Each structure stands twice: as C-alpha cells, then as structure tokens.
Amino acid sequence: MTATSPANISIPLQIDSVVKRFDEVTAVAGISLEVHERACLGLLGPNGAGKTTLIRSIVGRVRPDSGSVLIFGQPASSLAARKELGWVPQELALYPLLTSRENLDAFGHYQGLRGKALREGIQWCLEWASLADRADSVVKTLSGGMRRRLNMAAGLIHRPRIVLLDEPTVGVDPQSRNHIFEMVEALRAAGATVIYTTHYMEEAERLCDSIAIVDHGRIIAQGSKDDLVAQSFGTRSDVLMRLAAAAPVSAAWTEARGGTLQDGVAHFPVDRPSDIASLLEAAARDGLDVVDLVLRRPNLESVFLQLTGRDLRQ
Amino acid sequence: MIATIVRNGFLALRRDRGALVLAFVVPLAFFSIFAIIFGPMSTNSTPRVHVLVVDEDHSAASSRLVRGLHRERALACDTRPEAKAGEPQPPDYTAATAEAAVKSGTAPVALVIPAGFGANPISLAPAPGRKPIRILHDSSNPVAAQMAAGMLQKVAMTSFSTSMADVGMRYFALASGGLTPQQRQNLDSSLARMHDLEARRDAQGDGAAAASSENSGGLLPVEMRDVVGENKKSPMIAFYAAGIGVMFLMFTASGAAGSLLEEAESGALDRILSARVGMTTLLAGKLTYLVLLASCQLTLMFLWGAAVFHLDLFTHLPGFFVMTVATSFAVAAFGMLLASISHTRAQQASIATLLILTMSALGGSMFPRFLMTATMQKVGLLTFNAWAIDGYTKVFWRDEPVWHLLPQVAVLVGAGALIFLIARRFARRWESV
C-alpha cells in the first residue's frame, strides 16, 4: 500500500515504508510488506537485523518514526487492530505462580473476553495446546514444551484472524517442536493468517508459503522458498567432494577447477548434475582418490547465508 | 583454587550494583541517619518536655514556681495557647482547657497549681486539707509525666529555699520547746538575708537558677492523673501496631509492586499492553490490589492486637477503617513509585530497604517520635509512618472523633495521589516507544 492508496480492510497486514530510529541507530529503514489472508509469512533475519523492532511495530509496542502498519486496515496501535492480532512473544510471558487455566483466564480478560466467550476460549486453548489434563497445574511445574504451548495459547485466546509467532520453538525438544508445528498447521487450516519468525530454516521451509529476509533494517529478499533459491542460485547446485590427499594438494587441485576448500571439503558449483562426471574424471586423471561425494541443492539456509553473509552478528 | 573462587566472588560483586549498594552504601547511610536521629540525645540538646502550666492561685509563691518551671531547660512550659496569625491572644489555660489540650495531644503533660497553694507552698510532713499540685498526663508518653514531676520537686527546692527554712524552723521550735529571743532575732536576720538572695536570683534569671538546680526532693504534694489512657488496658499497643504495621506494609507493598518489574522482564508486560489494556488501567489495577493487600495486613495486625493484647478495636471501627484505607493507599502508591523508578528487582530492593528503614526510623516506627528532639519530630512529618501513627493514636488512644482525622487522612491520601501520578509518569518508559 502507498500513502495515496486507501486502506484495504481485507488485507490482514499492510506495512508501508516503516522507519524507526533509536538515537543514531536506524533499526528499520523503510520496510514495506503485505501479507494476504490465510498466508503464512516467514520472517527471517540475523540478530540485530531489525526484525524485533518490526514485530513490535506490528503489535503496536513501537511507534514508527514514519510509515504505517495496518491490521485489516486499522492502525496497529488501535483497539480494533489489537482485537484482530494475536501475538506470541518469544519470552515465556506467563504468570508462573498461576495455573494454565488461570493464565488463560487473565489474558482472556486482558483481551476483553467475558462470560461464555471467555470460558469457550479457555477450553479451545487448552485443547489446541493439548493441555486439558494440565489445566489446573501451576505453570512453574509444567515442562518447557508445555509452557511453550501455553505461551502460544495465551496469545490466541481471543481467536484472532492474524497470528504473530515469534520464535515459538526456542528451547523445546523435537517432540514438542513437532507438536507446535501441528498447532500452527491447525491454525492455518482454521483460516488464520500467520507471521512466523524463526532462526530454524527448516521450520520456515515446512510451515511458510512465503518468506521475507530482513537485514540492516530492510527486506533484502522476499518470495517462496523456490523463488528465493532461484533468485540467489539460479539452477546451480553444490558438489561437495572429500579427497584422500594432503590439504595443500587438495586445495590447489580444487582452486584450479573453480572450487573452494572449506574444512577439508571441496565445494564446486555446478549447473547440471551431469557436471559431476567431469569432476570425477579429472580426479581420476590426476591420481586423486575421491572418498565421498554429495550433490547438494541450495536450500533456504544457503540463500540466507548467501544474502546475509557468514560474519558473526550481535 | 580458593584464590579463583575468591576472585570470582569479588568480580561478581563488582558488577552487581544492587549488592554493592547493600553492602557498602546502605550501612553507611543507616549509620548516618541513626547518628543524626539519636546522636543529640546524649548531648546537651536533650529533647524538652512540653508542659502546660495552669496557675489557679495567682500568689507570689505560685508565680515564683511558674517562673522556676519556665527556667528549666528540660521543660518547654506554656501558660496559654499559642496565638494564631491575625487572631487575638487566647486566654491562659484553665484546668479544663489544659486537660483538653493534653487529651488532644497538644502536650503530654499539664501542671495545675491549685488556689491556696501560696499560703503553704511546701511541706515537710503530711498536711491535712492541703490541695496537691495536679499533674495531668498522657500515658502514651510515659517519660513526660515522670520528668515533669521530678522537675517540679527540683524547682520547689530552688524557688522556695526561704519557705523551707521557715517551715524547718517552725518544726524545730515545736520539737525543742521554743526559741530564746536572741535565737529568734538571729534566725529572723538570716531568713531576711535568704529572702534578699532569692529576690536577687529571681532578678538574675535562668543562669543562676540552672547553676543552683542540682538538688531534688519531695517537698510539693502532687497528684498524678492519666487523663487520656486512664481506662486503657494496654496503653501502647495501638502505637506499636501502627508503627510496626506501617513499616512492614511498605516492605509488602514494595515487594508486591515489584511484580511489575518481573512482568517487564518476562515479557508479560509487553503482552498485556499489546492487548486491550492501557498503562493507566494496569497501574490502577495493581494499586487497587496493593491497597487491599495492605488493608488486610493492617487489619490482621490490629485483630491480633485485640485478641492477644486487649486492643480495643471493635469500639473504634470507623476510625480504624478510615485510617487503614488512607494508610494503605499511601503505602501502595509508594510501592508503585519504587517499582516504576527501578530498572531491576535488585535495584528496587536496595532502594526500598534504604527508604523504608529511613522513613521508619524518622517516622516513629522504630522509636517514638516524642522522645526525639523537636527538629527531628518535624522532620519525621515527612514520612507516612508519622502521619499514620498520629492518626491511629488519635483513634485508639485519644478516642477522637473520625473528623479529627482529617489532617492525617488529607496528607496520606494527597501524598499517595501525588506519588501515584509520579509513578505513572515514570511508567511511560514501558509504553510504546
């Protein structure tokens, strides 16, 4: 959306040219984004990229210096927008000395639910998070996975149409993680629009049909996973080859054929899988034994590292 | 290995500002505060006892006694109420107005010199029909009455030396069968010199009196009457219930308000504020909770006082209710302020400990204010403790009607409201940035 176009109340999220500065630091430098109904957008970015500020702008906790954030056509800080948005923060934002049910009751009240709507909301949350049998357990006695699920449920008790999940699987075991995936898929099946942030690329690949990569306060790439791979790598794949030779010999041989040696493994970009044959022939011709060989298609992590670099961030 | 453990301990301490403040700043602060409060008590600036003096006799002897009492450094004597600005000087105290003033807490003790005192000011033996000097006192200040009684005897010794000689000689004459004319003449001459000395000393004023006021004795018949707590079973229970109660109330409120910091740290505050709850609503909710919590705590304290120490709670319920609500509101707002100005729990704990113990020391929760110097008593009025204790004392000790609590309630509620507004201002840092 631009400043001259009308707000579209059918679009769950419209971010237009949002800029936010903290003193000398520009956390968000003009991000524009639209998320359509029933979509699942993966929001990826290294630490310090501006992702958290963007999320806090969406939930109305940060006021942009310029630009706008609209939830179904309403300003993000408005009551109407808050009613439509469910935010699951990365932190376990719960009352540790209350039970699961009491926590849901409290957050339901904060969302304006009362009476039957509240009771139904609590029941739906307990079932959705598979916590019905632990409804009356004090939060601090729950396992890490249970707390994560309750944390998600507390953000969705008012049954919002758009859901923002901020790294919901941090610190949980594979079983709980898989359960959380199923919870998100159930949400999508019920018609919710989901914005999902994570540092685990495979989660974004599994759950999201569109991905935006944020760095230095800007969106540097956006599209489906396949689009992003094609944009970054075209049809190129990586051949990973381990050679039974001394490191200097392997390095010289690899560089001579346009590859790079990383951690003792030779990496060669190839346009077609059939290019592997010529590499194997060259190795045999030069008397080098190939110990191991893998053809790897670039994935989301490859795209992420390609776009954001390998340097350590904050 | 031990050296590494020691080094780690000091490194962690150096980076923990809260622990550093508790370890090194709070003790020095407390040492200084207590030295300021209690230090003067061991020097010449001992707190003076406020005494109301009523002269019903208006004789030369009674006037001399009043002058002597005025000269005593340990006493601050008043014979009439202080004139208010722009109003005429009120008349001298009478026995009735002085008693009312003691009951209302204007002074802890009043001396009433009865009519006829001057005819026979001192006595070395029981004298039937002679009226005693009445000491009307408030037993919530047990020191004042004893001090006034002691000083009265001292002043009698120094102000009535000729009368003592006269009386002594009369007893001597009775016991010895009479004096010869020569003995009578010598004695009259000596007594005349003593009268002259006494007159000159009166003219010299305070210094001479103070220099010669070293003796004491039981020369003046006195009658002591507790005019405030004469029917009370446990005179100081209400005082201690209020004093200790308010101090712990502040600790409780501070701790409970700290949940705001925990919610900020856990992210729950962000979640709440991103829902349909505003910061003012949130703070008002927490304030209400703290007021209820503090009210329960005070109620429990006074119920315990009633059950175990015979505190007369149930005949003072309206006053108790008013003071409890006002005190709880002020203390709750104080807790909210501590939470809103602090950035971490540790910081809050340090500030709370320092402020609460200081306020409790100055405000009379640890040590009765009436035993402090006049200056420190005034400084104490900057604390909630002093106003709360004064209010509860009015209710339980002086049996004053509820509307007499207006000054205390106004200060507690007004200060509480102001503090809450300041807390709200500081809480803006948690709102959208």
# chains A, B, ... in the order shown; residues from 1 in each chain; ligands from 1
>>> closest_atom_pairs(of="chain B", to="chain A", cutoff="9 Å", atoms="only C-alpha atoms", output="Markdown table")
| residue | atom | partner | partner_atom | distance |
| --- | --- | --- | --- | --- |
| B:Glu263 | CA | A:Ala93 | CA | 7.6 |
| B:Glu265 | CA | A:Ala93 | CA | 8.9 |
| B:Ser266 | CA | A:Ala93 | CA | 5.3 |
| B:Gly267 | CA | A:Ala93 | CA | 4.8 |
| B:Ala268 | CA | A:Ala93 | CA | 4.1 |
| B:Leu269 | CA | A:Ala93 | CA | 7.8 |
| B:Asp270 | CA | A:Arg61 | CA | 7.3 |
| B:Arg271 | CA | A:Ala93 | CA | 7.0 |
| B:Ile272 | CA | A:Tyr110 | CA | 6.6 |
| B:Leu273 | CA | A:Arg61 | CA | 7.8 |
| B:Ser274 | CA | A:Val59 | CA | 6.1 |
| B:Ala275 | CA | A:Gln111 | CA | 5.4 |
| B:Arg276 | CA | A:Gln111 | CA | 5.3 |
| B:Val277 | CA | A:Tyr110 | CA | 6.0 |
| B:Glu431 | CA | A:Arg61 | CA | 7.1 |
| B:Ser432 | CA | A:Arg61 | CA | 4.5 |
| B:Val433 | CA | A:Val62 | CA | 5.0 |
>>> residues_around(residues="Asp226 in chain A", least_positions_apart="5", cutoff="12 Å", atoms="only C-alpha atoms", output="list in words")
Glu205, Cys208, Asp209, Ser210, Ile211, Gln231, Ser232, Phe233, Gly234, Thr235, Arg297, Pro298, Asn299, Leu300, Ser302 and Val303 of chain A
>>> closest_residue(among="B:Ile356, B:Leu260, B:Gly416, B:Asn8", to="Gly285 in chain B", atoms="only C-alpha atoms")
B:Leu260
>>> select_by_dssp(residues="range 33-273 of chain A", states="alpha helix (DSSP H)", output="PyMOL selection string")
chain A and resi 51-58+79-84+100-110+115-128+144-155+174-189+201-207+225-233+247-256
>>> residues_around(residues="range 357-367 of chain B", least_positions_apart="4", cutoff="10 Å", atoms="only C-alpha atoms", output="PyMOL selection string")
chain B and resi 29-30+33-34+36-38+239-248+250-251+352-353+371-372+376-390
>>> closest_residue(among="A:Ala244, A:Leu207, A:Ile276, A:Val35", to="Ala189 in chain A", atoms="only C-alpha atoms")
A:Leu207
>>> atom_distance(atom1="CA of Phe31 in chain B", atom2="CA of Met336 in chain B")
27.2 Å
>>> residues_around(residues="Ile157 in chain A", least_positions_apart="5", cutoff="8 Å", atoms="only C-alpha atoms", output="number ranges by chain")
A: 104, 107-108, 121-122, 124-125
>>> select_by_dssp(residues="range 5-251 of chain A", states="strand (DSSP E or B)", output="PyMOL selection string")
chain A and resi 13-22+25-35+40-44+66-71+74-75+85-88+99+138+162-166+193-197+210-215+218-223+237-243
